[in-house]
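Below is one structure, written out as structure tokens; comments come after it.
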2 protein chains.
Amino acid sequence: MKVTISDVARLAGVSTATVSHTINETRYVSDETREKVYAAIKQLGYTPDASARSFRTGKKRTVGFIVPDISNRFFGTMIESVENYLSTKGYHLIIANTKENMDREETNLRLLTAGLVDGLLVASTMDDPERFRSLIPTGFPLVLVDRTFDDNSFSSVSVSNFQPIYRAVCRLYQRGKRRIGIIGGLPRLSSTKERISAYRHAIVDCGLPDDEELIVYGDSMERSARACLDALLARSCDALVVCQGLMASETLIYLNQKGLTLKRDIELVAFVDFDSNINPLFSDKMDCIIQPVEDLGLSAGEQILRRIEDPEAPIFEKILTSAYRPAAEA
Amino acid sequence: MKVTISDVARLAGVSTATVSHTINETRYVSDETREKVYAAIKQLGYTPDASARSFRTGKKRTVGFIVPDISNRFFGTMIESVENYLSTKGYHLIIANTKENMDREETNLRLLTAGLVDGLLVASTMDDPERFRSLIPTGFPLVLVDRTFDDNSFSSVSVSNFQPIYRAVCRLYQRGKRRIGIIGGLPRLSSTKERISAYRHAIVDCGLPDDEELIVYGDSMERSARACLDALLARSCDALVVCQGLMASETLIYLNQKGLTLKRDIELVAFVDFDSNINPLFSDKMDCIIQPVEDLGLSAGEQILRRIEDPEAPIFEKILTSAYRPAAEA
DNA sequence: CTCAAAATCGATTGCGCAAACGTTTTTAGT
DNA sequence: ACTAAAAACGTTTGCGCAATCGATTTTGAG
């Protein structure tokens with residue numbers, strides 16, 4: 001049978017209240033009593049029932065994290081970082097995967113907001129803030145991660161998307177490139193929109209023609225990179241900007257297979273999940289935009305616990321900056 | 001305020017029992033009543049409280065997964081696969097990361113077996129079955145994944161480690177290699193032990209000298225591969241067997257940087273997490289051992305739910321086989 | 001029309017725990 | 001020695017729900 005708090009109380013010769021307070025250190029207990037209680041706990045092998053506890057207190061000490069793709073090491077590392085932080089605070093992490101599918105995200109939002117977790121971290125794949133917001137009970141602690149909505153109704157932690165891409169395009173221009181193509185992620189995502197917008201601004205500011213043909217979109221999975229590349233190469237690009245790590249990885253492989261050499265035949269700038277999915281054999285021949293993945297995870301963890309502790313806390317938007325590592329000099 | 005089942009009952013003009021039974025479909029309810037109940041639920045925006053539910057029923061519809069390294073795509077993909085299966089069955093997944101640290105694993109085992117999850121999946125980093133078993137309450141549904149213990153007291157899902165390595169060594173021998181080195185993972189792990197054992201057997205069966213110097217151990221993180229390689233190259237190996245994907249990846253990079261070419265200068269066989277962390281630019285110049293990561297995850301999910309439903313189910317050991325993909329012919 | 005079976009629902013209990021409220025004992029100040 | 005405060009603990013309630021037990025009504029066979 002299950003050992004309950006009253007079994008312990010009986011054996012220790014005290015009340016259940018005393019046992020509870022002893023365990024939780026919520027009121028003064030004499031040394032003598034404390035020892036008796038712990039002796040009884042040990043003898044019976046008592047463990048407080050987590051369900052009963054969280055039922056009683058309303059706190060689950062659990063946060064959910066809805067990610068678009070667990071197997072993508074960008075998110076894997078982020079999860080690791082979040083879990084690492086949360087575990088130091090005594091919280092557990094529930095993972096849900098959406099595979100960039102809006103309906104799956106909706107299902108998970110519904111399930112996780114129904115009393116399973118104290119708060120939610122979401123790297124959303126949705127594009128409609130209205131739909132998203134309608135799924136979140138008012139006041140529910142939630143922090144958007146990596147991807148945000150125009151709508152400022154949620155706290156968020158993300159990376160700056162505009163600046164690195166703008167800089168990348170300018171650098172390419174300064175190095176004499178005039179046909180700069182870009183491979184974006186899913187068009188509906190805020191990160192993609194911001195990056196493409198930065199690209200457009202830079203192109204215009206550099207005085208280059210705003211050529212729609214040079215903008216193509218993938219889906220942030222490896223396999224989609226090839227079609228994007230084929231399109232851009234057919235439009236005789238002399239430089240490429242790749243907005244996502246897995247596609248950047250695939251780009252390197254594909255270029256290599258086509259016999260194209262970096263720098264000599266084509267220049268490359270890419271978002272890179274460093275030490276994770278880019279090929280170090282090439283990373284010194286291209287400009288790398290290195291996102292602070294671990295900081296992202298850490299900040300996300302901090303923010304969500306903050307909101308859990310104080311759901312009235314003001315909306316908070318944190319934007320981290322990526323490192324820009326230019327190609328090594330020839 | 002929180003909407004509870006009695007609010008619904010009051011508005012619908014029925015008892016709480018009827019509301020509960022309507023929701024859970026646990027006894028007959030007339031169409032008329034059902035409609036009234038659902039109307040009330042909708043009007044109030046009622047969601048059953050998950051904590052109260054799991055407290056009442058004892059079921060949390062949650063399983064825990066203790067992994068050694070989330071950021072390793074081998075486990076990332078496995079997690080994805082597990083989560084994918086569990087979500088179809090209405091279960092949630094709690095992730096805990098140990099970073100191959102036994103104490104962290106112990107902590108997590110304690111926490112997760114204390115009523116937070118219905119069952120546990122563990123890719124253990126421990127070497128002592130006694131210690132491990134002492135942390136698991138008797139009868140607790142648990143399935144070992146990828147790594148097992150000699151001790152047969154738990155169900156497990158793993159891959160065959162012996163056969164592919166034995167075959168790898170024999171192939172290398174047949175191709176004329178006589179100085180075959182091997183890079184293993186953490187020496188304490190069952191997977192490593194089995195792979196090294198297979199290597200030894202093959203070496204002996206091929207009539208080669210059993211040279212301890214050709215066996216080196218890494219820790220299954222990228223960075224450890226270089227020291228291993230330095231050691232083996234210093235011992236003039238003409239062939240390498242690498243037992244783990246991340247280290248294999250690093251091996252390719254390091255060999256390349258040293259100006260060594262696969263097949264010409266050195267032969268390579270490696271465990272490879274296909275499409276994930278091996279470099280496709282090289283994968284046709286080496287023998288690849290491709291583990292069925294997704295099947296592993298799926299089977300793990302099936303097994304743990306099976307044990308949750310029937311904790312008395314007999315111990316079950318499932319061993320999946322890896323694919324062996326030889327290098328392309330020259 | 002009768003009566004048992006089926007259909008339909010309500011009242012109530014208790015899961016294990018935290019905590020509000022209350023009681024008794026000790027301590028210390030004057 | 002008297003009393004208030006502090007120390008130390010006990011009694012009890014209720015969180016929200018599932019499910020047991022039981023009550024009432026309806027149905028249909030004879």
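Residue names in the structure tokens use chain letters A, B, ... in the order shown, residue numbers from 1 in each chain, and ligand numbers from 1 in the order shown.
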For the reference chain B, what are the coordinates of chain A after least-squares fitting (all Cα, in-order pairing), as a CSV table (one decimal) with C-alpha atoms, in the first residue's frame?
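What ended up in result.csv:
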```csv
chain,number,residue,atom,x,y,z
A,1,MET,CA,-12.3,32.5,-10.2
A,2,LYS,CA,-11.7,28.9,-11.4
A,3,VAL,CA,-14.7,27.2,-12.9
A,4,THR,CA,-15.2,23.8,-11.3
A,5,ILE,CA,-17.3,20.8,-12.1
A,6,SER,CA,-20.0,21.9,-9.7
A,7,ASP,CA,-20.4,25.2,-11.4
A,8,VAL,CA,-21.1,23.3,-14.6
A,9,ALA,CA,-23.5,21.0,-12.7
A,10,ARG,CA,-25.4,23.9,-11.2
A,11,LEU,CA,-25.8,25.7,-14.5
A,12,ALA,CA,-26.8,22.5,-16.4
A,13,GLY,CA,-29.2,21.6,-13.6
A,14,VAL,CA,-27.7,18.2,-13.0
A,15,SER,CA,-25.4,16.6,-10.5
A,16,THR,CA,-21.6,16.7,-10.6
A,17,ALA,CA,-21.6,13.0,-11.1
A,18,THR,CA,-23.5,13.4,-14.3
A,19,VAL,CA,-21.1,16.1,-15.5
A,20,SER,CA,-18.2,13.9,-14.7
A,21,HIS,CA,-19.7,10.9,-16.5
A,22,THR,CA,-20.7,12.9,-19.4
A,23,ILE,CA,-17.2,14.2,-19.9
A,24,ASN,CA,-15.5,10.9,-19.4
A,25,GLU,CA,-18.2,8.8,-21.0
A,26,THR,CA,-18.1,6.4,-18.1
A,27,ARG,CA,-21.8,5.7,-17.9
A,28,TYR,CA,-24.9,6.2,-20.0
A,29,VAL,CA,-26.2,9.8,-20.3
A,30,SER,CA,-29.2,10.8,-22.3
A,31,ASP,CA,-28.7,13.0,-25.3
A,32,GLU,CA,-30.7,15.7,-23.8
A,33,THR,CA,-28.6,15.8,-20.6
A,34,ARG,CA,-25.4,15.6,-22.5
A,35,GLU,CA,-26.3,18.6,-24.5
A,36,LYS,CA,-27.2,20.6,-21.5
A,37,VAL,CA,-23.9,19.7,-19.9
A,38,TYR,CA,-21.8,20.6,-22.9
A,39,ALA,CA,-23.8,23.8,-23.3
A,40,ALA,CA,-22.9,24.7,-19.7
A,41,ILE,CA,-19.3,23.7,-20.2
A,42,LYS,CA,-19.1,25.9,-23.2
A,43,GLN,CA,-20.8,28.9,-21.6
A,44,LEU,CA,-18.6,28.8,-18.6
A,45,GLY,CA,-15.4,27.9,-20.4
A,46,TYR,CA,-14.9,25.0,-18.1
A,47,THR,CA,-11.8,22.8,-18.4
A,48,PRO,CA,-11.3,19.9,-16.0
A,49,ASP,CA,-8.4,20.5,-13.7
A,50,ALA,CA,-5.7,18.1,-14.7
A,51,SER,CA,-4.1,18.1,-11.2
A,52,ALA,CA,-7.3,17.2,-9.5
A,53,ARG,CA,-8.0,14.5,-12.0
A,54,SER,CA,-4.6,12.9,-11.7
A,55,PHE,CA,-4.8,13.2,-8.0
A,56,ARG,CA,-8.1,11.4,-8.0
A,57,THR,CA,-7.3,8.7,-10.5
A,58,GLY,CA,-3.6,8.2,-9.7
A,59,LYS,CA,-2.8,8.5,-13.4
A,60,LYS,CA,-0.9,11.4,-14.7
A,61,ARG,CA,-0.8,10.5,-18.3
A,62,THR,CA,2.8,11.6,-18.3
A,63,VAL,CA,6.0,9.7,-18.8
A,64,GLY,CA,9.5,10.8,-18.0
A,65,PHE,CA,12.5,10.3,-20.2
A,66,ILE,CA,15.9,10.6,-18.6
A,67,VAL,CA,18.5,11.2,-21.3
A,68,PRO,CA,22.3,11.7,-21.1
A,69,ASP,CA,22.5,14.5,-23.7
A,70,ILE,CA,19.5,16.3,-25.2
A,71,SER,CA,21.6,18.3,-27.5
A,72,ASN,CA,23.0,15.2,-29.1
A,73,ARG,CA,20.8,14.6,-32.1
A,74,PHE,CA,20.8,10.9,-31.6
A,75,PHE,CA,18.7,11.5,-28.5
A,76,GLY,CA,16.9,14.5,-29.9
A,77,THR,CA,15.6,12.3,-32.7
A,78,MET,CA,14.7,9.6,-30.2
A,79,ILE,CA,12.8,12.1,-28.0
A,80,GLU,CA,11.0,13.3,-31.1
A,81,SER,CA,10.0,9.8,-31.9
A,82,VAL,CA,8.9,9.0,-28.4
A,83,GLU,CA,6.9,12.2,-28.0
A,84,ASN,CA,5.3,11.6,-31.3
A,85,TYR,CA,4.0,8.2,-30.3
A,86,LEU,CA,3.0,9.2,-26.8
A,87,SER,CA,1.1,12.2,-28.0
A,88,THR,CA,-1.1,10.0,-30.1
A,89,LYS,CA,-1.9,8.1,-26.9
A,90,GLY,CA,-2.7,11.2,-25.0
A,91,TYR,CA,0.5,11.1,-22.9
A,92,HIS,CA,2.9,13.9,-22.2
A,93,LEU,CA,6.6,13.7,-22.0
A,94,ILE,CA,8.9,15.1,-19.3
A,95,ILE,CA,12.5,15.4,-20.2
A,96,ALA,CA,15.4,15.3,-17.8
A,97,ASN,CA,19.0,15.7,-18.9
A,98,THR,CA,21.9,14.1,-17.1
A,99,LYS,CA,24.9,15.1,-19.2
A,100,GLU,CA,26.3,11.6,-18.5
A,101,ASN,CA,26.4,12.5,-14.8
A,102,MET,CA,25.4,9.7,-12.5
A,103,ASP,CA,24.5,12.0,-9.6
A,104,ARG,CA,22.2,14.0,-11.8
A,105,GLU,CA,20.6,10.8,-13.0
A,106,GLU,CA,20.1,9.8,-9.4
A,107,THR,CA,18.4,13.1,-8.5
A,108,ASN,CA,16.2,12.8,-11.5
A,109,LEU,CA,15.2,9.2,-10.8
A,110,ARG,CA,14.2,10.2,-7.3
A,111,LEU,CA,12.2,13.2,-8.4
A,112,LEU,CA,10.4,11.5,-11.3
A,113,THR,CA,9.5,8.3,-9.5
A,114,ALA,CA,7.8,10.4,-6.7
A,115,GLY,CA,4.4,10.6,-8.3
A,116,LEU,CA,5.2,12.9,-11.2
A,117,VAL,CA,5.0,10.4,-14.0
A,118,ASP,CA,3.3,7.1,-14.6
A,119,GLY,CA,6.4,5.6,-16.1
A,120,LEU,CA,10.0,6.2,-16.9
A,121,LEU,CA,12.2,5.8,-19.9
A,122,VAL,CA,15.9,5.9,-19.0
A,123,ALA,CA,19.0,5.9,-21.1
A,124,SER,CA,21.1,5.4,-18.1
A,125,THR,CA,24.6,6.6,-17.6
A,126,MET,CA,25.1,4.4,-14.6
A,127,ASP,CA,27.3,1.3,-14.4
A,128,ASP,CA,26.0,-0.2,-11.2
A,129,PRO,CA,22.7,-2.1,-11.5
A,130,GLU,CA,22.5,-2.3,-7.8
A,131,ARG,CA,22.6,1.4,-7.3
A,132,PHE,CA,20.2,2.0,-10.1
A,133,ARG,CA,17.7,-0.6,-8.9
A,134,SER,CA,17.8,0.8,-5.4
A,135,LEU,CA,16.4,4.1,-6.7
A,136,ILE,CA,13.4,2.6,-8.4
A,137,PRO,CA,10.3,1.7,-6.3
A,138,THR,CA,9.3,-1.9,-6.8
A,139,GLY,CA,6.9,-2.3,-9.6
A,140,PHE,CA,7.5,1.2,-11.0
A,141,PRO,CA,7.0,1.0,-14.7
A,142,LEU,CA,10.4,1.6,-16.3
A,143,VAL,CA,12.0,0.8,-19.5
A,144,LEU,CA,15.7,1.1,-20.2
A,145,VAL,CA,16.5,2.6,-23.6
A,146,ASP,CA,19.6,2.2,-25.6
A,147,ARG,CA,21.7,1.2,-22.6
A,148,THR,CA,20.9,-1.8,-20.4
A,149,PHE,CA,22.3,-3.6,-17.4
A,150,ASP,CA,23.5,-7.2,-17.2
A,151,ASP,CA,21.0,-7.6,-14.5
A,152,ASN,CA,17.7,-8.5,-16.1
A,153,SER,CA,15.4,-6.8,-13.8
A,154,PHE,CA,14.1,-4.2,-16.2
A,155,SER,CA,12.5,-4.2,-19.6
A,156,SER,CA,14.7,-2.7,-22.3
A,157,VAL,CA,14.8,-1.5,-25.8
A,158,SER,CA,18.2,-1.3,-27.4
A,159,VAL,CA,20.2,-1.9,-30.6
A,160,SER,CA,22.4,-4.8,-31.3
A,161,ASN,CA,25.9,-3.7,-30.6
A,162,PHE,CA,27.9,-6.8,-31.1
A,163,GLN,CA,27.1,-7.8,-34.7
A,164,PRO,CA,27.8,-4.6,-36.6
A,165,ILE,CA,31.2,-4.0,-34.9
A,166,TYR,CA,32.2,-7.6,-35.4
A,167,ARG,CA,31.3,-7.4,-39.0
A,168,ALA,CA,33.0,-4.1,-39.4
A,169,VAL,CA,36.3,-5.4,-38.1
A,170,CYS,CA,36.1,-8.5,-40.3
A,171,ARG,CA,35.5,-6.4,-43.4
A,172,LEU,CA,38.4,-4.2,-42.6
A,173,TYR,CA,40.6,-7.3,-42.1
A,174,GLN,CA,39.4,-8.7,-45.4
A,175,ARG,CA,40.4,-5.4,-47.1
A,176,GLY,CA,43.9,-5.9,-45.9
A,177,LYS,CA,43.9,-3.8,-42.8
A,178,ARG,CA,46.0,-5.1,-39.9
A,179,ARG,CA,46.2,-2.1,-37.5
A,180,ILE,CA,42.6,-1.6,-36.7
A,181,GLY,CA,41.9,0.9,-33.9
A,182,ILE,CA,38.7,1.6,-32.1
A,183,ILE,CA,37.3,4.6,-30.4
A,184,GLY,CA,34.7,3.7,-27.8
A,185,GLY,CA,32.2,5.7,-25.8
A,186,LEU,CA,32.2,5.9,-22.0
A,187,PRO,CA,33.7,2.6,-20.8
A,188,ARG,CA,31.1,2.1,-18.1
A,189,LEU,CA,28.1,1.9,-20.6
A,190,SER,CA,26.7,-1.4,-21.7
A,191,SER,CA,26.7,-0.2,-25.3
A,192,THR,CA,30.4,0.5,-25.1
A,193,LYS,CA,31.3,-2.7,-23.4
A,194,GLU,CA,29.4,-4.7,-26.0
A,195,ARG,CA,31.0,-2.9,-28.9
A,196,ILE,CA,34.5,-3.2,-27.5
A,197,SER,CA,33.8,-6.9,-26.8
A,198,ALA,CA,32.8,-7.4,-30.4
A,199,TYR,CA,35.9,-5.7,-31.5
A,200,ARG,CA,38.1,-8.0,-29.4
A,201,HIS,CA,36.4,-11.1,-30.6
A,202,ALA,CA,36.7,-10.1,-34.2
A,203,ILE,CA,40.3,-9.2,-33.8
A,204,VAL,CA,41.1,-12.6,-32.2
A,205,ASP,CA,39.0,-14.5,-34.8
A,206,CYS,CA,40.8,-12.8,-37.6
A,207,GLY,CA,44.1,-13.9,-36.1
A,208,LEU,CA,45.3,-10.4,-35.3
A,209,PRO,CA,47.2,-9.7,-32.1
A,210,ASP,CA,45.1,-8.4,-29.3
A,211,ASP,CA,46.7,-5.0,-28.9
A,212,GLU,CA,45.4,-3.0,-26.0
A,213,GLU,CA,46.9,0.1,-27.4
A,214,LEU,CA,44.4,0.2,-30.2
A,215,ILE,CA,41.5,0.6,-27.9
A,216,VAL,CA,40.7,4.1,-26.7
A,217,TYR,CA,37.7,5.6,-25.0
A,218,GLY,CA,36.0,9.0,-25.5
A,219,ASP,CA,33.0,10.4,-23.7
A,220,SER,CA,30.6,10.6,-26.6
A,221,MET,CA,30.9,14.4,-27.0
A,222,GLU,CA,32.6,15.9,-30.0
A,223,ARG,CA,35.5,17.3,-28.3
A,224,SER,CA,36.9,14.1,-27.0
A,225,ALA,CA,37.4,12.6,-30.4
A,226,ARG,CA,40.6,14.5,-31.2
A,227,ALA,CA,42.6,13.1,-28.3
A,228,CYS,CA,41.4,9.6,-29.2
A,229,LEU,CA,42.5,10.1,-32.8
A,230,ASP,CA,45.9,11.5,-31.9
A,231,ALA,CA,46.5,8.4,-29.8
A,232,LEU,CA,45.4,6.0,-32.5
A,233,LEU,CA,47.2,7.8,-35.3
A,234,ALA,CA,50.4,7.8,-33.2
A,235,ARG,CA,50.0,4.0,-33.1
A,236,SER,CA,50.0,3.9,-36.9
A,237,CYS,CA,46.5,2.6,-37.4
A,238,ASP,CA,45.4,1.9,-40.9
A,239,ALA,CA,41.7,1.6,-40.0
A,240,LEU,CA,39.4,3.1,-37.5
A,241,VAL,CA,36.2,2.0,-35.9
A,242,VAL,CA,34.3,4.8,-34.2
A,243,CYS,CA,31.5,3.8,-31.8
A,244,GLN,CA,29.5,7.0,-31.6
A,245,GLY,CA,28.0,9.6,-34.0
A,246,LEU,CA,29.3,12.8,-32.7
A,247,MET,CA,32.8,11.5,-32.3
A,248,ALA,CA,32.5,10.1,-35.8
A,249,SER,CA,31.6,13.5,-37.1
A,250,GLU,CA,34.6,15.0,-35.3
A,251,THR,CA,36.8,12.3,-36.7
A,252,LEU,CA,35.9,13.2,-40.2
A,253,ILE,CA,36.8,16.8,-39.6
A,254,TYR,CA,40.0,16.1,-37.9
A,255,LEU,CA,41.2,13.7,-40.5
A,256,ASN,CA,40.4,16.2,-43.2
A,257,GLN,CA,42.3,18.9,-41.3
A,258,LYS,CA,45.3,16.6,-41.0
A,259,GLY,CA,45.2,16.1,-44.7
A,260,LEU,CA,44.3,12.4,-44.4
A,261,THR,CA,41.9,11.1,-47.1
A,262,LEU,CA,39.4,8.3,-46.4
A,263,LYS,CA,40.0,5.0,-48.1
A,264,ARG,CA,43.4,6.2,-49.5
A,265,ASP,CA,45.1,6.9,-46.2
A,266,ILE,CA,42.8,5.3,-43.7
A,267,GLU,CA,39.6,3.3,-43.6
A,268,LEU,CA,36.7,4.2,-41.4
A,269,VAL,CA,33.7,2.5,-40.0
A,270,ALA,CA,31.5,4.3,-37.7
A,271,PHE,CA,28.2,4.4,-35.9
A,272,VAL,CA,26.4,7.2,-37.6
A,273,ASP,CA,23.1,8.9,-36.7
A,274,PHE,CA,22.1,9.2,-40.3
A,275,ASP,CA,21.0,12.4,-41.8
A,276,SER,CA,21.7,14.0,-38.5
A,277,ASN,CA,25.3,14.4,-37.4
A,278,ILE,CA,27.5,12.7,-39.9
A,279,ASN,CA,28.9,14.6,-42.8
A,280,PRO,CA,27.2,13.4,-46.0
A,281,LEU,CA,30.2,14.5,-47.9
A,282,PHE,CA,32.1,11.6,-46.6
A,283,SER,CA,29.5,9.0,-45.8
A,284,ASP,CA,30.1,7.1,-49.1
A,285,LYS,CA,33.7,6.7,-48.4
A,286,MET,CA,33.2,4.8,-45.2
A,287,ASP,CA,31.2,2.0,-43.8
A,288,CYS,CA,28.2,3.4,-41.8
A,289,ILE,CA,26.4,1.6,-39.0
A,290,ILE,CA,23.0,3.3,-39.0
A,291,GLN,CA,21.0,2.9,-35.9
A,292,PRO,CA,17.2,2.7,-36.1
A,293,VAL,CA,16.8,5.7,-33.9
A,294,GLU,CA,13.2,6.3,-34.7
A,295,ASP,CA,12.3,2.7,-34.2
A,296,LEU,CA,14.1,2.8,-30.9
A,297,GLY,CA,11.9,5.8,-29.8
A,298,LEU,CA,8.7,4.2,-31.0
A,299,SER,CA,9.4,0.8,-29.3
A,300,ALA,CA,10.4,2.6,-26.1
A,301,GLY,CA,7.1,4.5,-26.2
A,302,GLU,CA,5.1,1.3,-26.8
A,303,GLN,CA,6.9,-0.6,-24.1
A,304,ILE,CA,6.5,1.9,-21.4
A,305,LEU,CA,2.8,2.3,-22.1
A,306,ARG,CA,2.5,-1.4,-22.0
A,307,ARG,CA,4.1,-1.6,-18.6
A,308,ILE,CA,2.0,1.3,-17.3
A,309,GLU,CA,-1.1,-0.5,-18.3
A,310,ASP,CA,0.1,-3.7,-16.9
A,311,PRO,CA,2.9,-3.3,-14.4
A,312,GLU,CA,2.9,-7.1,-13.9
A,313,ALA,CA,3.8,-7.7,-17.5
A,314,PRO,CA,6.9,-9.9,-17.9
A,315,ILE,CA,10.3,-8.4,-18.4
A,316,PHE,CA,10.7,-7.7,-22.1
A,317,GLU,CA,14.0,-7.1,-23.9
A,318,LYS,CA,13.8,-5.8,-27.4
A,319,ILE,CA,16.9,-5.6,-29.5
A,320,LEU,CA,16.7,-3.7,-32.8
A,321,THR,CA,19.3,-4.2,-35.5
A,322,SER,CA,21.3,-1.4,-37.2
A,323,ALA,CA,21.7,-1.1,-40.9
A,324,TYR,CA,25.2,-1.7,-42.3
A,325,ARG,CA,25.9,0.4,-45.3
A,326,PRO,CA,29.3,-0.3,-46.8
A,327,ALA,CA,31.4,2.4,-48.5
A,328,ALA,CA,30.6,2.9,-52.2
A,329,GLU,CA,32.8,0.9,-54.5
A,330,ALA,CA,35.7,2.9,-55.8
```
Exercise. Got a sec: who's within 9 Å of range 21-24 of chain D, counting only C-alpha atoms (C1' of nucleotides), leaving out chain neighbours fewer than 6 positions off, as a ChimeraX atom specification?
Worked result: /C:8-12
For this session: Report the distance between C1' of DC9 in chain D and C1' of DT30 in chain C in Å, rounded to one decimal place.
Result: 28.8 Å
Might you pull out every residue within 10 Å of DT12 in chain D, with only C-alpha atoms (C1' of nucleotides) counted and same-chain residues fewer than 5 positions away left off, and present them as an mmCIF file with C-alpha atoms (C1' of nucleotides), in the first residue's frame?
```
data_model
loop_
_atom_site.group_PDB
_atom_site.id
_atom_site.type_symbol
_atom_site.label_atom_id
_atom_site.label_comp_id
_atom_site.auth_asym_id
_atom_site.auth_seq_id
_atom_site.Cartn_x
_atom_site.Cartn_y
_atom_site.Cartn_z
ATOM 1 C "C1'" DA C 20 -6.005 28.159 8.454
ATOM 2 C "C1'" DC C 21 -7.332 28.246 12.914
ATOM 3 C "C1'" DG C 22 -6.936 26.877 17.566
#
```
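Using only C-alpha atoms (C1' of nucleotides), the smallest distance between any of D:DA29, D:DA8, D:DA19, D:DC2 and chain B comes from D:DA19.
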Problem set entry | Residue list for chain C near chain A as a ChimeraX atom specification, 8 Å, only C-alpha atoms (C1' of nucleotides) | /C:16-18
Residue subset to file, keeping N, CA and C atoms (P, O5', C5', C4', C3', O3' and C1' of nucleotides), as a tab-separated table (two decimals), in the first residue's frame:
```tsv
chain	number	residue	atom	x	y	z
C	16	DG	P	-4.28	8.08	-0.48
C	16	DG	O5'	-3.46	9.42	-0.26
C	16	DG	C5'	-2.69	9.95	-1.33
C	16	DG	C4'	-2.28	11.35	-0.96
C	16	DG	C3'	-1.54	11.45	0.37
C	16	DG	O3'	-0.29	12.06	0.10
C	16	DG	C1'	-3.28	13.07	0.23
C	17	DC	P	0.72	12.43	1.23
C	17	DC	O5'	0.54	14.00	1.30
C	17	DC	C5'	0.59	14.77	0.11
C	17	DC	C4'	-0.10	16.08	0.32
C	17	DC	C3'	0.49	16.96	1.42
C	17	DC	O3'	1.33	17.93	0.81
C	17	DC	C1'	-1.91	16.99	1.39
C	18	DA	P	2.23	18.87	1.66
C	18	DA	O5'	1.29	20.15	1.82
C	18	DA	C5'	0.93	20.85	0.66
C	18	DA	C4'	0.07	22.04	0.99
C	18	DA	C3'	0.71	23.07	1.91
C	18	DA	O3'	0.24	24.33	1.46
C	18	DA	C1'	-1.24	22.20	2.95
```
For this session: Give me the residues within 12 Å of DG30 in chain D as a PyMOL selection string, counting only C-alpha atoms (C1' of nucleotides) and dropping any in the same chain fewer than 4 places off.
Result: chain C and resi 1-4
